[in-house]
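Step one of this worksheet: look at the structure below.
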Amino acid sequence: MKRIVVLAILSLFPLSMAFAQMNEVKDTLRGSVVFGKKSGAREAGTRIINVKDFSNMVSAVGEADVIKFIQTLPGVSTGGEGSSAFYVRGGNLGSNLVTLDGIPIHGSSHLLGFTSVYSPDVISDAMFQVGGFTSEEGNLTASHIKLTSSDGDYHDFHGKASVSNFLLGASLSMPILKDRISFIGSVRLSPVGLELKALKGLSSALDSIGSPKALVYDAFGKVSWKINGRHGLSLSAFNSTDAYSYTYGVNSEEHIQWNNLIGSLQYKGDLSDSWNVSGGLSYNKFSNAQGMVKILGSTDNNLALRSSIDETALTVCSNYDGRIFHFQGGLKGRYAIFNPATSQRITGGSLLMGSSDSPSSGHVTNCLTGTLHSQVEFKKENRYDFRASGRLNYCRTDRTDVFIESVSFDPEASLLARMNAASWLGFEVTADWTTQYYHTLEGVPLGWSLDLIVPSDNQFGPEKASQYYAGMFMSFESHRLSLGCYTKRMRDLVYFTDATSLFSSAAAGWRDKIDVGKGSSKGLEFLYEKTGEKLNYRIAYTWSKTDRTFPKVNVEVPFPAKFNRPHILNVTADYCVSKTNRREIVVNALFTYQSGHWETVASGYYQGFLIGEPDKVPLKYFTSVNNFEMPSYVRMDLGFCLKFNQDKKCRQTLNIGIYNLFNRHNPFSLTYDTEERRWKQVSLFPIMPSLGWSMEF
């Protein structure tokens with residue numbers, strides 16, 4: 001597992017390795033800054049956010065990412081330094097659902113978790129919802145990031161090329177048949193493999209790593225057809241791959257990779273001015289793997305651990321939009337084949353793992369789910385909004401390893417009530433009872449797409465959560481403020497007791513290393529925003545407390561969740577220095593303060609004996625799980641955006657940023673130095689430049 005962490009650090013951030021340090025735990029300063037343009041309107045706890053203006057954000061990899069924007073909002077706790085991991089209102093990382101046009105993206109991370117797999121060039125809307133869920137939203141217990149792809153331009157040709165620290169991209173939008181059929185597509189490719197090879201020739205930082213290789217890309221294409229003024233069809237495809245390999249030590253070849261493949265056919269139609277219907281048929285395949293090719297003595301160890309999910313889904317939904325009354329109802333059906341943690345012999349020598357035999361099928365679980373959903377809503381603009389939604393789920397799982405079939409019926413419901421007491425003051429209440437039919441066994445807390453996703457079945461039931469929120473929101477001209485509190489209960493959560501060896505051959509017995517328990521979270525969320533022609537800023541603060549309880553872990557005594565950060569403060573701002581028809585100059589900044597995450601460290605040592613060893617050896621003893629709070633995290637980022645030729649057909653944008661302006665060595669994890677016999681803090685990111693350039697035509 002240590003070698004995977006080494007790969008994560010070295011492959012993504014070769015320029016920063018000379019600065020990455022290991023500090024003693026007593027170091028307490030930390031911080032983070034990301035910046036984005038002003039967001040859309042948001043009401044208190046519902047947190048439905050249209051994120052269209054995040055393209056100027058500073059990130060460690062120099063690429064805009066909507067998840068980095070979401071990480072600055074109330075109720076959201078981040079994972080490892082610079083990663084796209086996020087935890088919402090006490091839920092696990094795997095409790096968040098990310099969809100593209102309604103289809104789940106199980107492997108949503110790129111570049112070992114430090115950016116996302118979808119290009120912002122093809123996204124028209126990104127909405128983030130943490131409560132008061134609509135009837136269409138299901139199979140989640142924390143949050144939903146709903147991405148909607150754009151249709152291609154039906155009239156003119158548009159293109160874009162972009163370059164950032166670790167990604168090269170191109171996109172185009174064009175008519176195939178003017179006013180009837182359009183196309184939009186994008187391709188992004190990372191040169192990180194070439195950058196690693198160049199670094200090996202210039203520095204000794206990668207001396208322990210040999211023959212580094214990487215293949216990182218994503219591609220999206222969509223054809224839209226306006227059948228007539230009321231009906232339309234679209235056909236889209238999405239594919240992404242992350243593959244890394246390197247040699248480590250003598251005769252050792254290491255591989256990790258993950259892949260998404262999605263195909264979708266969707267229909268939308270207006271039956272009248274008030275009624276509309278939609279439907280879709282999709283196929284979604286996600287796979288990940290880790291492999292090792294190594295000779296130990298005379299033994300040939302060419303093994304890989306592979307996991308996959310194959311899903312086929314059919315959806316039908318109808319909507320009625322009246323002047324005050326609104327109705328929604330529909331059906332969803334999904335058939336999924338889970339094949340987690342199967343062993344397989346592989347061949348070496350190439351970047352992508354070639355197999356020498358078929359993977360074992362002993363862990364296959366077939367899962368059939370059906371959902372009947374509906375909602376009613378009474379809404380009057382700027383006055384009130386009352387919504388009630390319900391879902392009735394049927395789930396049947398068939399385990400092929402023990403030939404056990406299980407069936408369950410699970411109701412879900414969500415309520416929302418929003419009332420404006422005055423033109424400047426409103427109140428909001430939400431309640432949600434949700435169910436999720438899969439579990440995510442989290443490994444290294446980087447937000448990688450290598451986490452093991454397993455289905456709920458007769459042994460591990462579906463995760464369930466109940467959440468309640470109450471808050472108020474106010475607006476005064478260009479000022480907006482919201483304040484609210486929530487409480488949340490979770491049950492049938494899973495705890496993987498051997499996460500450090502998650503992707504070793506031992507993971508084939510993952511069922512024996514899972515404990516099922518519960519969790520709770522409560523918090524206070526505050527958000528203040530100011531918008532203007534020149535200056536925009538946002539202040540977001542969260543106080544929260546999140547714990548976990550498992551029968552076989554910590555003797556069933558509640559302990560803090562790993563990313564339970566009691567205090568989180570994010571301040572973002574952007575200032576327009578100059579704006580003309582031809583040029584626009586904007587300065588952006590983000591400051592973040594977060595309480596440290598939790599680690600499990602030894603409370604002391606005692607003298608003992610090991611079998612076959614005549615001398616006493618020091619042995620560690622632990623008092624509890626997650627018993628040490630890491631130092632706080634503090635970071636400041638600063639960015640500069642220059643847009644020019646805005647009045648011409650060829651428009652260009654240059655983003656220059658400084659990530660971690662204070663060069664703060666923020667805590668990533670702890671390691672024990674056996675020679676010095678003390679714990680040390682591992683930090684990843686020093687001060688780093690961020691550069692992005694794009695040209696639209």
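Residues are named by chain letter and number: chains run A, B, ... in the order of the structure tokens, numbers start at 1 in each chain, and ligands are numbered from 1 in the order shown.
Excluding Ser186 (chain A) itself and any same-chain residue fewer than 2 positions from it, the protein and nucleic acid residues within 8 Å of it, counting only C-alpha atoms, are Ser119, Asp121, Val122, Gly169, Ala170, Ser171, Leu172, Ile184, Arg188, Ala219, Phe220 and Gly221 of chain A.
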Those same residues - N, CA, C and O atoms - I'd like them written as a short mmCIF file (atom, residue, chain, number, x, y, z; two decimals), in the first residue's frame.
data_model
loop_
_atom_site.label_atom_id
_atom_site.label_comp_id
_atom_site.auth_asym_id
_atom_site.auth_seq_id
_atom_site.Cartn_x
_atom_site.Cartn_y
_atom_site.Cartn_z
N SER A 119 -15.26 16.75 -18.62
CA SER A 119 -14.79 18.06 -19.07
C SER A 119 -15.84 19.13 -18.79
O SER A 119 -17.02 18.95 -19.11
N ASP A 121 -16.29 21.68 -20.37
CA ASP A 121 -16.72 22.25 -21.66
C ASP A 121 -18.05 21.69 -22.14
O ASP A 121 -18.72 22.33 -22.96
N VAL A 122 -18.44 20.50 -21.67
CA VAL A 122 -19.68 19.89 -22.16
C VAL A 122 -20.78 19.90 -21.11
O VAL A 122 -21.86 19.32 -21.32
N GLY A 169 -6.80 19.66 -23.63
CA GLY A 169 -8.19 19.40 -23.99
C GLY A 169 -8.62 20.08 -25.26
O GLY A 169 -8.04 21.09 -25.68
N ALA A 170 -9.65 19.51 -25.89
CA ALA A 170 -10.26 20.11 -27.07
C ALA A 170 -11.73 19.73 -27.08
O ALA A 170 -12.12 18.63 -26.66
N SER A 171 -12.58 20.66 -27.53
CA SER A 171 -14.01 20.39 -27.61
C SER A 171 -14.59 21.13 -28.81
O SER A 171 -14.00 22.12 -29.29
N LEU A 172 -15.72 20.66 -29.31
CA LEU A 172 -16.39 21.34 -30.42
C LEU A 172 -17.89 21.14 -30.32
O LEU A 172 -18.38 20.18 -29.74
N ILE A 184 -22.01 17.63 -30.00
CA ILE A 184 -21.05 18.23 -29.08
C ILE A 184 -20.12 17.13 -28.59
O ILE A 184 -20.55 16.00 -28.35
N ARG A 188 -9.95 14.95 -23.58
CA ARG A 188 -8.87 15.46 -22.74
C ARG A 188 -7.84 14.34 -22.53
O ARG A 188 -8.20 13.19 -22.34
N ALA A 219 -13.28 11.12 -22.89
CA ALA A 219 -13.89 11.52 -24.16
C ALA A 219 -15.41 11.46 -24.02
O ALA A 219 -15.96 10.54 -23.41
N PHE A 220 -16.08 12.46 -24.58
CA PHE A 220 -17.54 12.54 -24.53
C PHE A 220 -18.06 12.97 -25.90
O PHE A 220 -17.47 13.85 -26.55
N GLY A 221 -19.15 12.36 -26.33
CA GLY A 221 -19.79 12.75 -27.57
C GLY A 221 -21.30 12.63 -27.46
O GLY A 221 -21.81 11.69 -26.82
#
What are the closest atom pairs, with distances in Å to one decimal, for all residues of region 111-196 of chain A lying within 12 Å of region 228-231 of chain A? Consider only C-alpha atoms, order rows by chain and residue number, and present the result as a tab-separated table.
residue	atom	partner	partner_atom	distance
A:Asp179	CA	A:Asn228	CA	10.0
A:Arg180	CA	A:Asn228	CA	8.1
A:Ile181	CA	A:Asn228	CA	10.9
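Proximity of A:Val553, A:Leu112, A:Val293, A:Ile123 to Asp65 (chain A), computed with only C-alpha atoms, is greatest for A:Ile123.
Between Gln459 (chain A) and the candidates A:Leu481, A:Ile404, A:Ile309, A:Leu416, the tightest atom-to-atom separation, counting only C-alpha atoms, involves A:Ile404.
The smallest atom-to-atom distance between Tyr335 (chain A) and any of A:Val316, A:Ile453, A:Leu441, A:Leu281, using only C-alpha atoms, is found for A:Leu281.
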(request) Give me the residues within 12 Å of region 272-276 of chain A as a count of residues only, counting only C-alpha atoms and dropping any in the same chain fewer than 4 places off. (result) 21
(message) Using Å and a single decimal, report how far CA of Thr115 (chain A) sits from CA of Phe640 (chain A).
(response)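 Atom-to-atom, CA of Phe640 (chain A) to CA of Thr115 (chain A), that is 20.2 Å.
Proximity ranking of A:Val571, A:Val58, A:Val364, A:Leu196 relative to Asn660 (chain A) places A:Val58 first, based on only C-alpha atoms.
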(message) Nearest residue to Asn139 (chain A) out of A:Gly447, A:Pro462, A:Gly82, A:Gly193, using only C-alpha atoms?
(response) A:Pro462
(message) Using only C-alpha atoms, which protein or nucleic acid residues come within 10 Å of Lys518 (chain A)? Drop anything in the same chain fewer than 3 positions from it, and give the result as number ranges by chain.
(response) A: 463-465, 489-495, 547-551, 558
Could you write those residues out with N, CA, C and O atoms, as an mmCIF file, in the first residue's frame?
data_model
loop_
_atom_site.group_PDB
_atom_site.id
_atom_site.type_symbol
_atom_site.label_atom_id
_atom_site.label_comp_id
_atom_site.auth_asym_id
_atom_site.auth_seq_id
_atom_site.Cartn_x
_atom_site.Cartn_y
_atom_site.Cartn_z
ATOM 1 N N GLU A 463 -27.757 0.712 3.135
ATOM 2 C CA GLU A 463 -27.541 1.823 4.052
ATOM 3 C C GLU A 463 -28.792 2.694 4.092
ATOM 4 O O GLU A 463 -29.438 2.919 3.064
ATOM 5 N N LYS A 464 -29.105 3.200 5.274
ATOM 6 C CA LYS A 464 -30.284 4.057 5.433
ATOM 7 C C LYS A 464 -29.898 5.286 6.244
ATOM 8 O O LYS A 464 -29.021 5.225 7.108
ATOM 9 N N ALA A 465 -30.552 6.400 5.946
ATOM 10 C CA ALA A 465 -30.274 7.646 6.661
ATOM 11 C C ALA A 465 -31.561 8.439 6.839
ATOM 12 O O ALA A 465 -32.448 8.415 5.969
ATOM 13 N N ARG A 489 -29.045 10.725 11.237
ATOM 14 C CA ARG A 489 -28.787 9.394 11.753
ATOM 15 C C ARG A 489 -28.584 8.435 10.585
ATOM 16 O O ARG A 489 -29.329 8.470 9.601
ATOM 17 N N MET A 490 -27.572 7.586 10.700
ATOM 18 C CA MET A 490 -27.252 6.623 9.648
ATOM 19 C C MET A 490 -27.146 5.228 10.257
ATOM 20 O O MET A 490 -26.617 5.063 11.356
ATOM 21 N N ARG A 491 -27.627 4.227 9.532
ATOM 22 C CA ARG A 491 -27.494 2.854 10.011
ATOM 23 C C ARG A 491 -27.129 1.921 8.861
ATOM 24 O O ARG A 491 -27.237 2.281 7.680
ATOM 25 N N ASP A 492 -26.671 0.740 9.230
ATOM 26 C CA ASP A 492 -26.162 -0.250 8.267
ATOM 27 C C ASP A 492 -24.975 0.299 7.485
ATOM 28 O O ASP A 492 -24.795 -0.021 6.302
ATOM 29 N N LEU A 493 -24.167 1.143 8.148
ATOM 30 C CA LEU A 493 -22.905 1.581 7.577
ATOM 31 C C LEU A 493 -21.885 0.446 7.685
ATOM 32 O O LEU A 493 -21.954 -0.379 8.598
ATOM 33 N N VAL A 494 -20.937 0.418 6.775
ATOM 34 C CA VAL A 494 -19.908 -0.628 6.818
ATOM 35 C C VAL A 494 -18.564 -0.014 7.200
ATOM 36 O O VAL A 494 -18.278 1.141 6.884
ATOM 37 N N TYR A 495 -17.773 -0.794 7.907
ATOM 38 C CA TYR A 495 -16.423 -0.391 8.306
ATOM 39 C C TYR A 495 -15.475 -1.490 7.860
ATOM 40 O O TYR A 495 -15.588 -2.638 8.302
ATOM 41 N N ASP A 547 -19.844 11.024 14.383
ATOM 42 C CA ASP A 547 -19.219 9.858 15.000
ATOM 43 C C ASP A 547 -19.721 8.574 14.350
ATOM 44 O O ASP A 547 -20.648 8.567 13.542
ATOM 45 N N ARG A 548 -19.051 7.478 14.696
ATOM 46 C CA ARG A 548 -19.392 6.145 14.210
ATOM 47 C C ARG A 548 -19.398 5.177 15.389
ATOM 48 O O ARG A 548 -18.632 5.342 16.351
ATOM 49 N N THR A 549 -20.243 4.141 15.290
ATOM 50 C CA THR A 549 -20.312 3.099 16.305
ATOM 51 C C THR A 549 -20.431 1.750 15.611
ATOM 52 O O THR A 549 -21.357 1.542 14.813
ATOM 53 N N PHE A 550 -19.483 0.841 15.920
ATOM 54 C CA PHE A 550 -19.494 -0.499 15.328
ATOM 55 C C PHE A 550 -19.289 -1.542 16.421
ATOM 56 O O PHE A 550 -18.461 -1.355 17.319
ATOM 57 N N PRO A 551 -20.024 -2.650 16.380
ATOM 58 C CA PRO A 551 -19.945 -3.659 17.439
ATOM 59 C C PRO A 551 -18.549 -4.235 17.652
ATOM 60 O O PRO A 551 -18.143 -4.490 18.785
ATOM 61 N N PRO A 558 -18.625 4.804 20.707
ATOM 62 C CA PRO A 558 -18.580 5.751 19.582
ATOM 63 C C PRO A 558 -17.223 6.430 19.481
ATOM 64 O O PRO A 558 -16.592 6.764 20.493
#
All residues 6 Å or closer to region 566-569 of chain A, only C-alpha atoms, same chain fewer than 5 positions away omitted, as an mmCIF file with N, CA, C and O atoms, in the first residue's frame:
data_model
loop_
_atom_site.group_PDB
_atom_site.id
_atom_site.type_symbol
_atom_site.label_atom_id
_atom_site.label_comp_id
_atom_site.auth_asym_id
_atom_site.auth_seq_id
_atom_site.Cartn_x
_atom_site.Cartn_y
_atom_site.Cartn_z
ATOM 1 N N ALA A 540 -18.352 31.050 4.112
ATOM 2 C CA ALA A 540 -19.078 29.840 4.487
ATOM 3 C C ALA A 540 -18.428 29.239 5.724
ATOM 4 O O ALA A 540 -17.209 29.039 5.763
ATOM 5 N N TYR A 541 -19.259 28.941 6.722
ATOM 6 C CA TYR A 541 -18.741 28.354 7.961
ATOM 7 C C TYR A 541 -19.630 27.180 8.371
ATOM 8 O O TYR A 541 -20.862 27.239 8.243
ATOM 9 N N THR A 542 -18.990 26.113 8.860
ATOM 10 C CA THR A 542 -19.707 24.937 9.340
ATOM 11 C C THR A 542 -19.131 24.501 10.677
ATOM 12 O O THR A 542 -17.913 24.364 10.820
ATOM 13 N N TRP A 543 -20.014 24.305 11.641
ATOM 14 C CA TRP A 543 -19.643 23.586 12.867
ATOM 15 C C TRP A 543 -20.387 22.268 12.852
ATOM 16 O O TRP A 543 -21.592 22.224 12.596
ATOM 17 N N SER A 544 -19.681 21.178 13.114
ATOM 18 C CA SER A 544 -20.332 19.869 13.073
ATOM 19 C C SER A 544 -19.629 18.888 13.989
ATOM 20 O O SER A 544 -18.478 19.089 14.396
ATOM 21 N N LYS A 545 -20.328 17.808 14.279
ATOM 22 C CA LYS A 545 -19.786 16.697 15.058
ATOM 23 C C LYS A 545 -20.327 15.414 14.462
ATOM 24 O O LYS A 545 -21.537 15.240 14.339
ATOM 25 N N THR A 592 -8.989 28.991 3.289
ATOM 26 C CA THR A 592 -9.731 27.962 3.996
ATOM 27 C C THR A 592 -9.029 27.578 5.287
ATOM 28 O O THR A 592 -7.809 27.472 5.334
ATOM 29 N N TYR A 593 -9.825 27.429 6.311
ATOM 30 C CA TYR A 593 -9.361 26.899 7.591
ATOM 31 C C TYR A 593 -10.245 25.709 7.944
ATOM 32 O O TYR A 593 -11.476 25.808 7.896
ATOM 33 N N GLN A 594 -9.623 24.576 8.280
ATOM 34 C CA GLN A 594 -10.382 23.388 8.641
ATOM 35 C C GLN A 594 -9.715 22.699 9.830
ATOM 36 O O GLN A 594 -8.487 22.565 9.871
ATOM 37 N N SER A 595 -10.527 22.268 10.776
ATOM 38 C CA SER A 595 -9.985 21.444 11.854
ATOM 39 C C SER A 595 -9.350 20.195 11.254
ATOM 40 O O SER A 595 -9.755 19.717 10.187
#
(message) Here is a test: counting only C-alpha atoms, which residue of A:Glu136, A:Glu629, A:Asp156, A:Asp242 is nearest to Gly390 (chain A)?
(response) A:Glu136
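As for CA of Ala142 (chain A) and CA of Arg89 (chain A), they are spaced 6.9 Å apart.
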(request) Apply DSSP to the backbone of this structure and, from region 447-630 of chain A, keep only the residues in strand (DSSP E); write these as a PyMOL selection string. (result) chain A and resi 452-455+463-476+479-496+514-530+535-549+559-560+567-579+583-594+598-599+604-608+617-621+628-629
